[in-house]
Amino acid sequence: MNKEELNNLLKKGRALLHYNVSTFEQFKAGIEAVKETKIPLIIGVSEGERNYFGINYIEDLIDEAKEQGIKVFLNADHCKSINSAKEAIDYKFDFVLFDGSELNLQENILRTKKVVEYRNKKNKNTLIEGEIGYLTGHSDIEGIIELKEEYFTDPEIAEEFVKKTKVDLLAISVGNVHGIPKGVKIKGKLVEKPKLDFKRIKEIKEKVKVPLVLHGGSGLNKKDYLKAIENGISIIHINTEFRNIWKKELEKSLKKESIVPYKILNPVVKKITKKIIFYQKLFWLG
Ligand code: 13P
């Protein structure tokens with residue numbers, strides 16, 4: 001995927017779903033969904049997910065699907081080290097997110113720039129996403145999560161970051177969190193679920209011309225997604241919600257008599273497929 005292809009793609013619909021996989025069944029659900037909707041889908045693998053799947057296997061599966069005309073793209077999600085980003089560039093992933101959000105600004109700029117330069121040298125068909133602002137949480141989170149003022153992306157710093165690193169996409173922190181916590185403490189105030197700062201999304205979009213990515217999409221409601229898109233988000237990541245479906249359906253299926261893997265796993269794939277279709281249509285068509 002190159003910049004022009006992404007821009008053309010984003011002109012055809014409102015926003016794309018990014019969905020994470022670590023098993024073949026999750027991958028298959030993504031394929032089944034795209035076959036039905038004909039809406040492009042970004043399939044993501046974090047470092048843990050791609051190590052479990054096997055980076056070569058997931059890359060081959062995506063290539064095979066592309067050859068069949070199925071519109072799926074592969075993202076190396078949250079690469080924490082330059083080497084892990086380089087590996088995904090070498091494997092010709094469509095997207096690589098270098099996540100330097102835990103570093104200080106200068107170090108984040110420096111390392112992200114190195115990844116962009118490596119891409120420029122090695123493979124122009126991988127787009128690089130940078131991350132600015134801090135996103136807390138994870139899929140197994142159960143309690144209350146705290147969002148501090150300093151976690152949020154500052155629009156001016158976002159502008160400086162994009163200018164200096166020349167990333168193709170930008171992940172931002174605007175009240176979004178990874179996982180589905182019981183509650184969120186935002187700047188000292190406790191609320192039931194994440195509250196997105198739509199004004200901030202708009203301000204960042206006005207300063208930054210590259211597509212904006214919203215991570216931590218699980219647990220939001222329909223209105224939140226649509227408002228985020230309206231204000232400038234082009235890609236929404238959802239993982240925890242799909243992991244929950246995977247586990248719940250698998251447990252249900254395992255209680256049945258059969259020991260035949262495809263009979264046990266098929267209902268899991270079907271349930272996940274249905275949810276992917278729901279989000280794809282919501283984000284792409286509005
Ligand atoms: P959630 O698990 O909160 O949906 O976040 C997913 C994500 O951002 C993956 O990059």
# chains A, B, ... in the order shown; residues from 1 in each chain; ligands from 1
>>> residues_near_ligand(ligand="ligand 1", cutoff="10 Å", atoms="only C-alpha atoms and all ligand atoms", output="VMD selection string")
chain A and resid 18 to 20 44 to 46 75 to 78 97 135 to 141 171 176 to 181 213 to 220 236 to 244
>>> select_by_dssp(residues="stretch 91-223 of chain A", states="strand (DSSP E or B)", output="ChimeraX atom specification")
/A:95-98,127-132,137,144-147,169-172,178,183-186,189-191,212-214
>>> residues_around(residues="A:Leu147", least_positions_apart="5", cutoff="8 Å", atoms="only C-alpha atoms", output="number ranges by chain")
A: 136, 175, 184-187
>>> residues_around(residues="A:Ile132", least_positions_apart="5", cutoff="10 Å", atoms="only C-alpha atoms", output="VMD selection string")
chain A and resid 99 to 105 108 to 109 151 to 155 157 to 158 161 to 162 170 to 173
>>> write_last_selection(atoms="N, CA, C and O atoms", output="PDB file, in the first residue's frame")
ATOM      1  N   ASP A  99       5.308   2.473  17.504  1.00  0.00           N
ATOM      2  CA  ASP A  99       4.689   3.081  18.680  1.00  0.00           C
ATOM      3  C   ASP A  99       5.749   3.538  19.683  1.00  0.00           C
ATOM      4  O   ASP A  99       6.183   2.783  20.542  1.00  0.00           O
ATOM      5  N   GLY A 100       6.128   4.801  19.540  1.00  0.00           N
ATOM      6  CA  GLY A 100       7.115   5.377  20.458  1.00  0.00           C
ATOM      7  C   GLY A 100       6.444   6.244  21.506  1.00  0.00           C
ATOM      8  O   GLY A 100       7.075   7.133  22.084  1.00  0.00           O
ATOM      9  N   SER A 101       5.152   5.991  21.733  1.00  0.00           N
ATOM     10  CA  SER A 101       4.386   6.892  22.606  1.00  0.00           C
ATOM     11  C   SER A 101       4.830   6.854  24.069  1.00  0.00           C
ATOM     12  O   SER A 101       4.495   7.742  24.835  1.00  0.00           O
ATOM     13  N   GLU A 102       5.563   5.810  24.458  1.00  0.00           N
ATOM     14  CA  GLU A 102       6.036   5.765  25.849  1.00  0.00           C
ATOM     15  C   GLU A 102       7.360   6.513  26.016  1.00  0.00           C
ATOM     16  O   GLU A 102       7.850   6.693  27.122  1.00  0.00           O
ATOM     17  N   LEU A 103       7.950   6.932  24.901  1.00  0.00           N
ATOM     18  CA  LEU A 103       9.244   7.633  24.950  1.00  0.00           C
ATOM     19  C   LEU A 103       9.009   9.133  25.100  1.00  0.00           C
ATOM     20  O   LEU A 103       7.895   9.611  24.876  1.00  0.00           O
ATOM     21  N   ASN A 104      10.068   9.876  25.414  1.00  0.00           N
ATOM     22  CA  ASN A 104       9.876  11.326  25.396  1.00  0.00           C
ATOM     23  C   ASN A 104       9.786  11.788  23.941  1.00  0.00           C
ATOM     24  O   ASN A 104      10.164  11.052  23.022  1.00  0.00           O
ATOM     25  N   LEU A 105       9.285  13.015  23.743  1.00  0.00           N
ATOM     26  CA  LEU A 105       8.976  13.483  22.382  1.00  0.00           C
ATOM     27  C   LEU A 105      10.186  13.382  21.436  1.00  0.00           C
ATOM     28  O   LEU A 105      10.064  12.863  20.321  1.00  0.00           O
ATOM     29  N   ASN A 108      10.937   9.817  20.569  1.00  0.00           N
ATOM     30  CA  ASN A 108       9.871   9.294  19.711  1.00  0.00           C
ATOM     31  C   ASN A 108      10.081   9.784  18.274  1.00  0.00           C
ATOM     32  O   ASN A 108      10.028   8.994  17.312  1.00  0.00           O
ATOM     33  N   ILE A 109      10.369  11.079  18.123  1.00  0.00           N
ATOM     34  CA  ILE A 109      10.606  11.649  16.785  1.00  0.00           C
ATOM     35  C   ILE A 109      11.814  10.958  16.138  1.00  0.00           C
ATOM     36  O   ILE A 109      11.746  10.500  14.989  1.00  0.00           O
ATOM     37  N   TYR A 151      -1.625  12.598  28.944  1.00  0.00           N
ATOM     38  CA  TYR A 151      -1.753  11.503  27.979  1.00  0.00           C
ATOM     39  C   TYR A 151      -2.316  11.986  26.638  1.00  0.00           C
ATOM     40  O   TYR A 151      -2.093  11.400  25.597  1.00  0.00           O
ATOM     41  N   PHE A 152      -3.137  13.051  26.699  1.00  0.00           N
ATOM     42  CA  PHE A 152      -3.850  13.511  25.504  1.00  0.00           C
ATOM     43  C   PHE A 152      -2.891  14.123  24.472  1.00  0.00           C
ATOM     44  O   PHE A 152      -1.908  14.766  24.833  1.00  0.00           O
ATOM     45  N   THR A 153      -3.206  13.929  23.196  1.00  0.00           N
ATOM     46  CA  THR A 153      -2.368  14.482  22.123  1.00  0.00           C
ATOM     47  C   THR A 153      -2.568  15.985  22.021  1.00  0.00           C
ATOM     48  O   THR A 153      -3.701  16.461  21.900  1.00  0.00           O
ATOM     49  N   ASP A 154      -1.454  16.704  22.023  1.00  0.00           N
ATOM     50  CA  ASP A 154      -1.510  18.155  21.836  1.00  0.00           C
ATOM     51  C   ASP A 154      -1.464  18.433  20.322  1.00  0.00           C
ATOM     52  O   ASP A 154      -0.544  17.971  19.643  1.00  0.00           O
ATOM     53  N   PRO A 155      -2.449  19.171  19.791  1.00  0.00           N
ATOM     54  CA  PRO A 155      -2.502  19.387  18.336  1.00  0.00           C
ATOM     55  C   PRO A 155      -1.214  19.978  17.761  1.00  0.00           C
ATOM     56  O   PRO A 155      -0.781  19.589  16.673  1.00  0.00           O
ATOM     57  N   ILE A 157       1.864  19.727  19.002  1.00  0.00           N
ATOM     58  CA  ILE A 157       2.937  18.725  19.044  1.00  0.00           C
ATOM     59  C   ILE A 157       2.704  17.678  17.940  1.00  0.00           C
ATOM     60  O   ILE A 157       3.647  17.212  17.292  1.00  0.00           O
ATOM     61  N   ALA A 158       1.444  17.361  17.704  1.00  0.00           N
ATOM     62  CA  ALA A 158       1.119  16.414  16.625  1.00  0.00           C
ATOM     63  C   ALA A 158       1.622  16.963  15.288  1.00  0.00           C
ATOM     64  O   ALA A 158       2.219  16.239  14.477  1.00  0.00           O
ATOM     65  N   PHE A 161       5.366  16.701  15.173  1.00  0.00           N
ATOM     66  CA  PHE A 161       5.752  15.288  15.039  1.00  0.00           C
ATOM     67  C   PHE A 161       5.639  14.815  13.584  1.00  0.00           C
ATOM     68  O   PHE A 161       6.551  14.187  13.043  1.00  0.00           O
ATOM     69  N   VAL A 162       4.522  15.159  12.950  1.00  0.00           N
ATOM     70  CA  VAL A 162       4.311  14.716  11.560  1.00  0.00           C
ATOM     71  C   VAL A 162       5.307  15.403  10.620  1.00  0.00           C
ATOM     72  O   VAL A 162       5.879  14.776   9.730  1.00  0.00           O
ATOM     73  N   LEU A 170      -1.289   8.939  11.565  1.00  0.00           N
ATOM     74  CA  LEU A 170      -0.992   9.294  12.957  1.00  0.00           C
ATOM     75  C   LEU A 170      -2.044   8.748  13.928  1.00  0.00           C
ATOM     76  O   LEU A 170      -3.235   8.975  13.752  1.00  0.00           O
ATOM     77  N   ALA A 171      -1.563   8.024  14.940  1.00  0.00           N
ATOM     78  CA  ALA A 171      -2.439   7.539  16.015  1.00  0.00           C
ATOM     79  C   ALA A 171      -2.451   8.580  17.121  1.00  0.00           C
ATOM     80  O   ALA A 171      -1.395   9.097  17.505  1.00  0.00           O
ATOM     81  N   ILE A 172      -3.647   8.887  17.620  1.00  0.00           N
ATOM     82  CA  ILE A 172      -3.748   9.963  18.615  1.00  0.00           C
ATOM     83  C   ILE A 172      -4.463   9.495  19.891  1.00  0.00           C
ATOM     84  O   ILE A 172      -5.213   8.512  19.873  1.00  0.00           O
ATOM     85  N   SER A 173      -4.221  10.249  20.948  1.00  0.00           N
ATOM     86  CA  SER A 173      -4.855   9.953  22.228  1.00  0.00           C
ATOM     87  C   SER A 173      -5.838  11.075  22.554  1.00  0.00           C
ATOM     88  O   SER A 173      -5.442  12.218  22.792  1.00  0.00           O
TER      89      SER A 173
END
>>> select_by_dssp(residues="stretch 47-267 of chain A", states="helix (DSSP H, G or I)", output="VMD selection string")
chain A and resid 47 to 53 55 to 67 82 to 90 105 to 122 149 to 151 155 to 165 198 to 207 222 to 230 240 to 254 261 to 267
>>> closest_residue(among="A:Glu59, A:Asp168, A:Glu251, A:Glu159", to="A:Glu5", atoms="only C-alpha atoms")
A:Asp168
>>> residues_around(residues="A:Tyr262", least_positions_apart="6", cutoff="10 Å", atoms="only C-alpha atoms", output="list in words")
Glu25, Val268 and Val269 of chain A
>>> atom_distance(atom1="atom CA of A:Val191", atom2="atom CA of A:Glu230")
23.5 Å
